Amino acid sequence: MIVAAAPRKHQDAIEQFLQRVFDLNLEVGHAVRDLKSCRAEAKADITVATAMFERRLLTGDEDLAAKLDKAMASRRIWPVDQFFRAKHDEQVARHAHYDNVEYNLEPNVKTSPGGLRDIHTTLWICNRQFQTTDPDELVRLGVLTGQERDWLVEGRRFIWWVRFGLHLVAERKEDQLQFSHQRDLSERLGFVDTDAQRGVERFMHHYYRHVLALTEVNDILIQYFRENVIAKGRRKKQPLNDRFQIVDSYIDAIDDKVFRQHPAAILEIFVILANRRDIAGVRAHTIRLLRDALDLIDDEFNANPEHSRLFIELLKAPYTLVSQLTRMRRYGILGRYIPEYGKIVGQMQHDLFHIYTVDAHTMMVIRNMRRFRYRSSEEAFPVAFHCVHTIPKIELLYIAGLYHDIGKGRGGDHSSLGAEDARSFCARHTLTDADTDLVCWLVEKHLYMSTVSQREDIYDPDVVQNFAKEVKSEMRLDYLYALTVADINATNPTLWNSWRATLLRQLYNETRRMLRRGVESYADKQATIDATQERALERLVGDPEHTSEAQDEAQVTELWQQLGNDFFLRHTPRQIAKLTKAILADQGSETPFVSIQDTRADLPGEGATRIYLYGHDLPQLFARTVAAIANFDLSVVDATVFTGPENMIFDTYTVLTTEGLPLPRDPNLRSELVAQIGKAAIDVNRPIKSTNRRLSRQLRELPRPTEVQLKSTGDGETTTLTIVANDRPGLLALIAELFVDLQLHLRSARIATLGEMVEDTFLIQNERFEPIEAGEQAYTLKETIRQRIDAALNS
């Protein structure tokens, strides 16, 4: 800011100065003002006022600077209470942008919760009230404690350190701590890999620990100003019991010795908060008393039955459970009461699948479980809503949520480690054997339902029977479903889409049906196929109730032999009859049969779009088809490719838009898609190239090495190829192109998208329609596929 009594008199000099600054490639925001406009702009805009309150003289007329100092010292320019509210509102809006989570996967060191801007906010408010931002002076004034000063100074120094290193690594101004920068910084700062953790995860763990401490300082100071600067008039006090009172809607300890004399009060305060709606939070003085009493939470404290009773009572409380657990986490209480939880505070997972640290993810899982209880969640999560209102003990679900990922960062299977920890917790809290077994099973199997629904054929009765045998009861099924959906939605918002909702609901309903009938009395796979065909045939052959135009039974059965068993397991008799009629009506056409149908969406937020292709198998058909689909910006989330008698193929592709939704019901779009797939299927000279879609920066910076496996099927005709790789736009089209280049023939395929990765399985043959020979041929094939897929990330 350039200040002059009459700026126009110095216009040429000012312009020359600014031009020289720009010639130096310096990024400078600037303003030219007189004293009157300084006052006016400061009054009108909190951002301008903040910058001017923080001003420091670089050079120039000291008398003019003194006049500006006097003008800006006026309490009429943003009085302290108005300034506090404005800066606090800014912070609340900024935190909301980050979902109020300090632990984002790629944090912004300046603007994320707990970052530099939070430090600025609190110090700006201090400066406005006390005319100082010196931490030692704030301790002397009683605004900060000595420990809070240390957290502030050490945390600020660490973030300055990281931010300076970030600018050096990026070779420009950069505040986003991106994956590639995290790795570079961790190496430069000496964080090395260990058996349990990578160096970059240790570095980010260190970062998040400082951020958590800075968040605590920010919260304390905001609360301090709310109580001691903003609140005016006589304080309204309401006694609660011998230990606590409400002061101006905030809970407060009766005296400074409460927690020392009554250690159980450390947990009792949160139980009170979770059972009342009229308490806004905890007073700053009481937060400091809680922190000073942390040394009381030791093995003896944790083994006290009264304390165990209070914690279980908290989990059963009707209101704000997540808010209270989050407070306990921030104040350091939760990590001491549950020591194994303390180990995961700030524990990062350096992948695209998890976008939060383990402890933040855990809080979001429990938050989702709580949300499922509310009527507002019924439309988006109808099955989960039903489950949480059906299970007999909601606190057991919350305990499973607390422990499901608690074993991460130690090496080994985190599910098994978490189940062991959960058993110890249940014993300490005197849960019954049945409740303990349920919690431990949920923790150990928290990924089971998600894995089965995505990796296995849930339309196969044998798969459902095996799942039902593991689940054993409808009650355990309800618990597991609620935990699974809460976990998926807390891991990464992009993971939950209409297709995943459909798969989980299908598995849930089929399992519940089997459990009600009895697991051993189910109809096996062939019996299910036979029954479905019988009911579909009734609709097709001479039943006036279902059709006015009867189909020839011999024609129908001949066609069905070419469609494969999956078709009859995955579709209802009505769907089968409809598709059968359409295919038979299309016979004789020179082009293959192509149809687009939406899957049945029984509930809101479910469904996908299926593309059916029936016709003669032609060279490179699979590659041309998926390339045509990819050109419409559609993601193939499931596919079955079947080659039947007489070299006829029946392929089904389940697709979603880039937004994770079924294809829009635009007849022109659907007609164009059908036409393009039809052309691609018969045009053997058509170039097999899908539209190149830009890969995200995160995919490029944090790739997962592709895994390729080849295994004999034992039938002497085909080989099983399994590819596990980072999901990305056009991946299936790339794999299909590889099949063409490597002269591989595809006999069947199963596509499974598992979050940020895919696990696709193909039955293939070599150019002579033989299985792939073990040895050099298999090794060369695997390495070529792996290298080509990984290289595509950098192309």
# chains A, B, ... in the order shown; residues from 1 in each chain; ligands from 1
>>> select_by_dssp(residues="segment 705-751 of chain A", states="strand (DSSP E)", output="compact mmCIF listing (two decimals) with all heavy atoms, in the first residue's frame")
# COMPACT_ATOMS: atom_id res chain seq x y z
N GLU A 707 -0.58 -55.16 -11.21
CA GLU A 707 -0.29 -56.57 -10.95
C GLU A 707 -0.97 -57.41 -12.02
O GLU A 707 -2.15 -57.20 -12.32
CB GLU A 707 -0.79 -56.98 -9.57
CG GLU A 707 -0.18 -56.18 -8.42
CD GLU A 707 -0.83 -56.50 -7.09
OE1 GLU A 707 -1.41 -57.61 -6.98
OE2 GLU A 707 -0.78 -55.67 -6.17
N VAL A 708 -0.23 -58.35 -12.58
CA VAL A 708 -0.77 -59.23 -13.63
C VAL A 708 -0.48 -60.67 -13.26
O VAL A 708 0.66 -61.01 -12.91
CB VAL A 708 -0.15 -58.90 -15.00
CG1 VAL A 708 -0.75 -59.80 -16.08
CG2 VAL A 708 -0.35 -57.43 -15.36
N GLN A 709 -1.52 -61.51 -13.29
CA GLN A 709 -1.36 -62.93 -12.98
C GLN A 709 -1.94 -63.77 -14.10
O GLN A 709 -2.97 -63.43 -14.68
CB GLN A 709 -2.06 -63.27 -11.65
CG GLN A 709 -1.49 -62.56 -10.43
CD GLN A 709 -2.25 -62.92 -9.17
OE1 GLN A 709 -3.29 -63.56 -9.21
NE2 GLN A 709 -1.72 -62.51 -8.03
N LEU A 710 -1.26 -64.87 -14.38
CA LEU A 710 -1.75 -65.86 -15.34
C LEU A 710 -1.87 -67.21 -14.63
O LEU A 710 -0.96 -67.61 -13.90
CB LEU A 710 -0.80 -65.99 -16.53
CG LEU A 710 -0.88 -64.93 -17.62
CD1 LEU A 710 0.24 -65.13 -18.63
CD2 LEU A 710 -2.23 -64.97 -18.32
N LYS A 711 -3.00 -67.87 -14.83
CA LYS A 711 -3.20 -69.16 -14.17
C LYS A 711 -4.00 -70.08 -15.09
O LYS A 711 -4.95 -69.63 -15.75
CB LYS A 711 -3.95 -68.94 -12.85
CG LYS A 711 -4.11 -70.20 -12.01
CD LYS A 711 -4.68 -69.85 -10.63
CE LYS A 711 -6.09 -69.32 -10.73
NZ LYS A 711 -6.71 -69.11 -9.40
N SER A 712 -3.61 -71.33 -15.14
CA SER A 712 -4.32 -72.29 -15.97
C SER A 712 -5.71 -72.54 -15.41
O SER A 712 -5.90 -72.65 -14.20
CB SER A 712 -3.53 -73.61 -16.02
OG SER A 712 -4.29 -74.61 -16.68
N THR A 719 -6.81 -69.78 -20.49
CA THR A 719 -5.97 -69.35 -19.38
C THR A 719 -6.64 -68.17 -18.70
O THR A 719 -7.21 -67.29 -19.37
CB THR A 719 -4.58 -68.93 -19.88
OG1 THR A 719 -3.97 -70.05 -20.53
CG2 THR A 719 -3.69 -68.47 -18.73
N THR A 720 -6.58 -68.13 -17.37
CA THR A 720 -7.16 -67.01 -16.62
C THR A 720 -6.13 -65.90 -16.47
O THR A 720 -5.03 -66.13 -15.97
CB THR A 720 -7.62 -67.47 -15.23
OG1 THR A 720 -8.59 -68.51 -15.37
CG2 THR A 720 -8.23 -66.30 -14.45
N LEU A 721 -6.50 -64.71 -16.92
CA LEU A 721 -5.66 -63.52 -16.77
C LEU A 721 -6.34 -62.58 -15.78
O LEU A 721 -7.49 -62.20 -15.98
CB LEU A 721 -5.49 -62.83 -18.12
CG LEU A 721 -4.89 -61.41 -18.11
CD1 LEU A 721 -3.43 -61.45 -17.67
CD2 LEU A 721 -5.03 -60.75 -19.46
N THR A 722 -5.62 -62.21 -14.72
CA THR A 722 -6.15 -61.26 -13.73
C THR A 722 -5.28 -60.01 -13.73
O THR A 722 -4.05 -60.11 -13.64
CB THR A 722 -6.17 -61.88 -12.32
OG1 THR A 722 -6.96 -63.07 -12.34
CG2 THR A 722 -6.75 -60.91 -11.31
N ILE A 723 -5.93 -58.85 -13.83
CA ILE A 723 -5.22 -57.57 -13.84
C ILE A 723 -5.75 -56.72 -12.68
O ILE A 723 -6.96 -56.47 -12.60
CB ILE A 723 -5.42 -56.82 -15.17
CG1 ILE A 723 -4.86 -57.65 -16.34
CG2 ILE A 723 -4.76 -55.44 -15.12
CD1 ILE A 723 -5.11 -57.04 -17.70
N VAL A 724 -4.87 -56.32 -11.80
CA VAL A 724 -5.21 -55.41 -10.70
C VAL A 724 -4.45 -54.11 -10.94
O VAL A 724 -3.21 -54.12 -11.02
CB VAL A 724 -4.83 -56.00 -9.32
CG1 VAL A 724 -5.21 -55.03 -8.21
CG2 VAL A 724 -5.51 -57.35 -9.12
N ALA A 725 -5.17 -53.01 -11.09
CA ALA A 725 -4.53 -51.74 -11.45
C ALA A 725 -5.34 -50.57 -10.94
O ALA A 725 -6.52 -50.71 -10.59
CB ALA A 725 -4.37 -51.64 -12.97
N ASN A 726 -4.71 -49.39 -10.89
CA ASN A 726 -5.43 -48.16 -10.59
C ASN A 726 -6.54 -47.96 -11.61
O ASN A 726 -6.31 -48.05 -12.82
CB ASN A 726 -4.50 -46.95 -10.67
CG ASN A 726 -3.93 -46.57 -9.31
OD1 ASN A 726 -2.75 -46.34 -9.19
ND2 ASN A 726 -4.76 -46.50 -8.28
N HIS A 745 -7.15 -63.90 -27.83
CA HIS A 745 -8.59 -64.07 -28.06
C HIS A 745 -9.29 -64.14 -26.71
O HIS A 745 -8.88 -64.89 -25.82
CB HIS A 745 -8.86 -65.35 -28.85
CG HIS A 745 -8.28 -65.32 -30.23
ND1 HIS A 745 -8.84 -64.60 -31.27
CD2 HIS A 745 -7.17 -65.90 -30.74
CE1 HIS A 745 -8.11 -64.74 -32.37
NE2 HIS A 745 -7.08 -65.53 -32.07
N LEU A 746 -10.36 -63.37 -26.57
CA LEU A 746 -11.10 -63.31 -25.31
C LEU A 746 -12.29 -64.24 -25.37
O LEU A 746 -13.10 -64.18 -26.29
CB LEU A 746 -11.57 -61.87 -25.05
CG LEU A 746 -12.37 -61.64 -23.78
CD1 LEU A 746 -11.51 -61.87 -22.55
CD2 LEU A 746 -12.96 -60.23 -23.77
N ARG A 747 -12.40 -65.12 -24.36
CA ARG A 747 -13.53 -66.03 -24.31
C ARG A 747 -14.58 -65.56 -23.30
O ARG A 747 -15.78 -65.77 -23.50
CB ARG A 747 -13.08 -67.45 -23.93
CG ARG A 747 -11.97 -67.99 -24.82
CD ARG A 747 -12.31 -67.89 -26.30
NE ARG A 747 -13.47 -68.69 -26.66
CZ ARG A 747 -14.06 -68.66 -27.86
NH1 ARG A 747 -13.60 -67.83 -28.79
NH2 ARG A 747 -15.10 -69.43 -28.10
N SER A 748 -14.14 -64.95 -22.20
CA SER A 748 -15.10 -64.37 -21.24
C SER A 748 -14.35 -63.36 -20.39
O SER A 748 -13.12 -63.36 -20.33
CB SER A 748 -15.76 -65.44 -20.36
OG SER A 748 -14.83 -65.97 -19.44
N ALA A 749 -15.12 -62.49 -19.73
CA ALA A 749 -14.51 -61.44 -18.92
C ALA A 749 -15.41 -61.12 -17.74
O ALA A 749 -16.64 -61.22 -17.84
CB ALA A 749 -14.29 -60.18 -19.75
N ARG A 750 -14.79 -60.74 -16.63
CA ARG A 750 -15.54 -60.24 -15.48
C ARG A 750 -14.81 -59.00 -14.98
O ARG A 750 -13.64 -59.07 -14.60
CB ARG A 750 -15.65 -61.29 -14.37
CG ARG A 750 -16.54 -60.83 -13.24
CD ARG A 750 -16.85 -61.96 -12.27
NE ARG A 750 -17.58 -63.03 -12.90
CZ ARG A 750 -18.88 -63.00 -13.18
NH1 ARG A 750 -19.59 -61.92 -12.90
NH2 ARG A 750 -19.46 -64.03 -13.74
>>> residues_around(residues="Pro79 of chain A", least_positions_apart="2", cutoff="12 Å", atoms="only C-alpha atoms", output="PyMOL selection string")
chain A and resi 42-43+46+49+72-77+81-86+125+128-129+229-230
>>> closest_residue(among="A:Asp760, A:Asp638, A:Asp715, A:Asp136", to="Ile735 of chain A", atoms="only C-alpha atoms")
A:Asp760
>>> closest_residue(among="A:Gly714, A:Leu563, A:Pro573, A:Val192", to="Ile649 of chain A", atoms="only C-alpha atoms")
A:Leu563
>>> atom_distance(atom1="atom CA of Ala752 of chain A", atom2="atom CA of Val452 of chain A")
10.8 Å
>>> residues_around(residues="segment 360-367 of chain A", least_positions_apart="5", cutoff="7 Å", atoms="only C-alpha atoms", output="list in words")
Tyr103, Val322, Tyr398, Gly401, Leu402, Ala486, Asp487, Ala490 and Thr491 of chain A
>>> atom_distance(atom1="atom CA of Leu321 of chain A", atom2="atom CA of Ala274 of chain A")
5.8 Å
>>> atom_distance(atom1="atom CA of Ile399 of chain A", atom2="atom CA of Val519 of chain A")
28.7 Å
>>> select_by_dssp(residues="segment 290-373 of chain A", states="helix (DSSP H, G or I)", output="CSV table (one decimal) with C-alpha atoms, in the first residue's frame")
chain,number,residue,atom,x,y,z
A,290,LEU,CA,-9.2,-31.1,31.3
A,291,ARG,CA,-5.9,-30.9,29.5
A,292,ASP,CA,-4.0,-30.5,32.8
A,294,LEU,CA,-4.6,-35.9,31.3
A,295,ASP,CA,-2.0,-37.5,33.6
A,296,LEU,CA,-4.8,-39.0,35.6
A,299,ASP,CA,-4.1,-47.9,33.5
A,300,GLU,CA,-5.8,-47.6,36.8
A,301,PHE,CA,-8.2,-45.0,35.5
A,302,ASN,CA,-9.0,-47.1,32.5
A,305,PRO,CA,-15.7,-49.9,36.3
A,306,GLU,CA,-17.3,-46.5,37.0
A,307,HIS,CA,-15.3,-45.0,34.1
A,308,SER,CA,-16.2,-47.9,31.8
A,309,ARG,CA,-19.9,-47.4,32.7
A,310,LEU,CA,-19.6,-43.7,31.8
A,311,PHE,CA,-18.0,-44.3,28.4
A,312,ILE,CA,-20.7,-46.9,27.4
A,313,GLU,CA,-23.3,-44.4,28.6
A,314,LEU,CA,-21.7,-41.8,26.3
A,315,LEU,CA,-22.1,-44.2,23.4
A,316,LYS,CA,-25.8,-44.7,24.2
A,321,LEU,CA,-22.0,-38.2,20.2
A,322,VAL,CA,-19.6,-37.5,17.3
A,323,SER,CA,-19.0,-33.9,18.6
A,324,GLN,CA,-18.1,-35.3,22.0
A,325,LEU,CA,-15.8,-38.0,20.7
A,326,THR,CA,-14.1,-35.3,18.5
A,327,ARG,CA,-13.7,-33.1,21.5
A,328,MET,CA,-12.2,-36.0,23.4
A,329,ARG,CA,-9.8,-36.6,20.5
A,330,ARG,CA,-8.7,-33.0,20.3
A,331,TYR,CA,-8.2,-32.6,24.1
A,333,ILE,CA,-8.6,-37.7,26.3
A,334,LEU,CA,-9.7,-40.3,23.7
A,335,GLY,CA,-6.2,-41.3,22.9
A,336,ARG,CA,-5.4,-41.9,26.6
A,337,TYR,CA,-8.7,-43.7,27.4
A,339,PRO,CA,-4.4,-46.1,24.0
A,340,GLU,CA,-4.6,-48.0,20.7
A,341,TYR,CA,-6.7,-45.1,19.3
A,342,GLY,CA,-4.0,-42.7,20.4
A,358,VAL,CA,-7.3,-43.0,10.2
A,359,ASP,CA,-8.6,-41.2,13.2
A,360,ALA,CA,-10.5,-38.6,11.2
A,361,HIS,CA,-11.9,-41.4,9.0
A,362,THR,CA,-13.0,-43.2,12.2
A,363,MET,CA,-14.9,-40.1,13.4
A,364,MET,CA,-16.6,-39.8,10.0
A,365,VAL,CA,-17.6,-43.5,10.1
A,366,ILE,CA,-19.4,-42.9,13.4
A,367,ARG,CA,-20.9,-39.7,12.1
A,368,ASN,CA,-22.4,-41.6,9.2
A,369,MET,CA,-23.8,-44.2,11.5
A,370,ARG,CA,-25.5,-41.5,13.5
A,371,ARG,CA,-26.8,-39.9,10.3
>>> closest_residue(among="A:Val464, A:Val626, A:Ala303, A:Val200", to="Leu673 of chain A", atoms="only C-alpha atoms")
A:Val626
>>> residues_around(residues="Gln620 of chain A", least_positions_apart="3", cutoff="9 Å", atoms="only C-alpha atoms", output="PyMOL selection string")
chain A and resi 617+623-625+681+684+688+736-737+739-740+745-746
>>> residues_around(residues="Asp150 of chain A", least_positions_apart="3", cutoff="12 Å", atoms="only C-alpha atoms", output="PyMOL selection string")
chain A and resi 135-136+138-139+144-147+153-158+210+213-214+217
>>> write_last_selection(atoms="N, CA and C atoms", output="CSV table (one decimal), in the first residue's frame")
chain,number,residue,atom,x,y,z
A,135,PRO,N,3.7,-14.2,21.4
A,135,PRO,CA,3.2,-15.3,22.3
A,135,PRO,C,3.6,-15.1,23.7
A,136,ASP,N,4.8,-14.7,24.0
A,136,ASP,CA,5.2,-14.5,25.4
A,136,ASP,C,4.4,-13.4,26.1
A,138,LEU,N,1.4,-12.7,25.3
A,138,LEU,CA,0.0,-13.2,25.5
A,138,LEU,C,0.0,-14.1,26.7
A,139,VAL,N,1.1,-14.8,27.0
A,139,VAL,CA,1.1,-15.6,28.2
A,139,VAL,C,1.1,-14.7,29.4
A,144,LEU,N,-2.9,-16.9,26.8
A,144,LEU,CA,-2.3,-18.3,26.5
A,144,LEU,C,-1.7,-18.8,27.7
A,145,THR,N,-1.7,-20.2,27.8
A,145,THR,CA,-0.9,-20.8,28.8
A,145,THR,C,0.5,-21.1,28.2
A,146,GLY,N,1.4,-21.5,29.1
A,146,GLY,CA,2.8,-21.8,28.6
A,146,GLY,C,2.8,-22.9,27.6
A,147,GLN,N,2.0,-23.9,27.8
A,147,GLN,CA,1.9,-25.1,26.9
A,147,GLN,C,1.3,-24.6,25.5
A,153,VAL,N,4.1,-21.7,18.9
A,153,VAL,CA,5.5,-21.4,18.4
A,153,VAL,C,6.1,-22.6,17.6
A,154,GLU,N,6.0,-23.8,18.2
A,154,GLU,CA,6.6,-25.0,17.5
A,154,GLU,C,5.8,-25.3,16.3
A,155,GLY,N,4.4,-25.3,16.4
A,155,GLY,CA,3.6,-25.6,15.2
A,155,GLY,C,3.8,-24.6,14.1
A,156,ARG,N,3.8,-23.3,14.4
A,156,ARG,CA,4.0,-22.3,13.4
A,156,ARG,C,5.4,-22.5,12.7
A,157,ARG,N,6.4,-22.7,13.5
A,157,ARG,CA,7.8,-22.9,12.9
A,157,ARG,C,7.8,-24.1,12.0
A,158,PHE,N,7.1,-25.2,12.4
A,158,PHE,CA,7.1,-26.4,11.6
A,158,PHE,C,6.4,-26.1,10.3
A,210,HIS,N,1.1,-31.6,14.5
A,210,HIS,CA,1.2,-30.2,14.8
A,210,HIS,C,-0.1,-29.5,14.4
A,213,ALA,N,-2.5,-29.8,17.2
A,213,ALA,CA,-2.2,-28.9,18.4
A,213,ALA,C,-2.5,-27.5,18.0
A,214,LEU,N,-2.3,-27.1,16.8
A,214,LEU,CA,-2.6,-25.7,16.4
A,214,LEU,C,-4.1,-25.5,16.4
A,217,VAL,N,-5.1,-24.8,19.9
A,217,VAL,CA,-4.8,-23.4,20.3
A,217,VAL,C,-5.9,-22.5,19.7
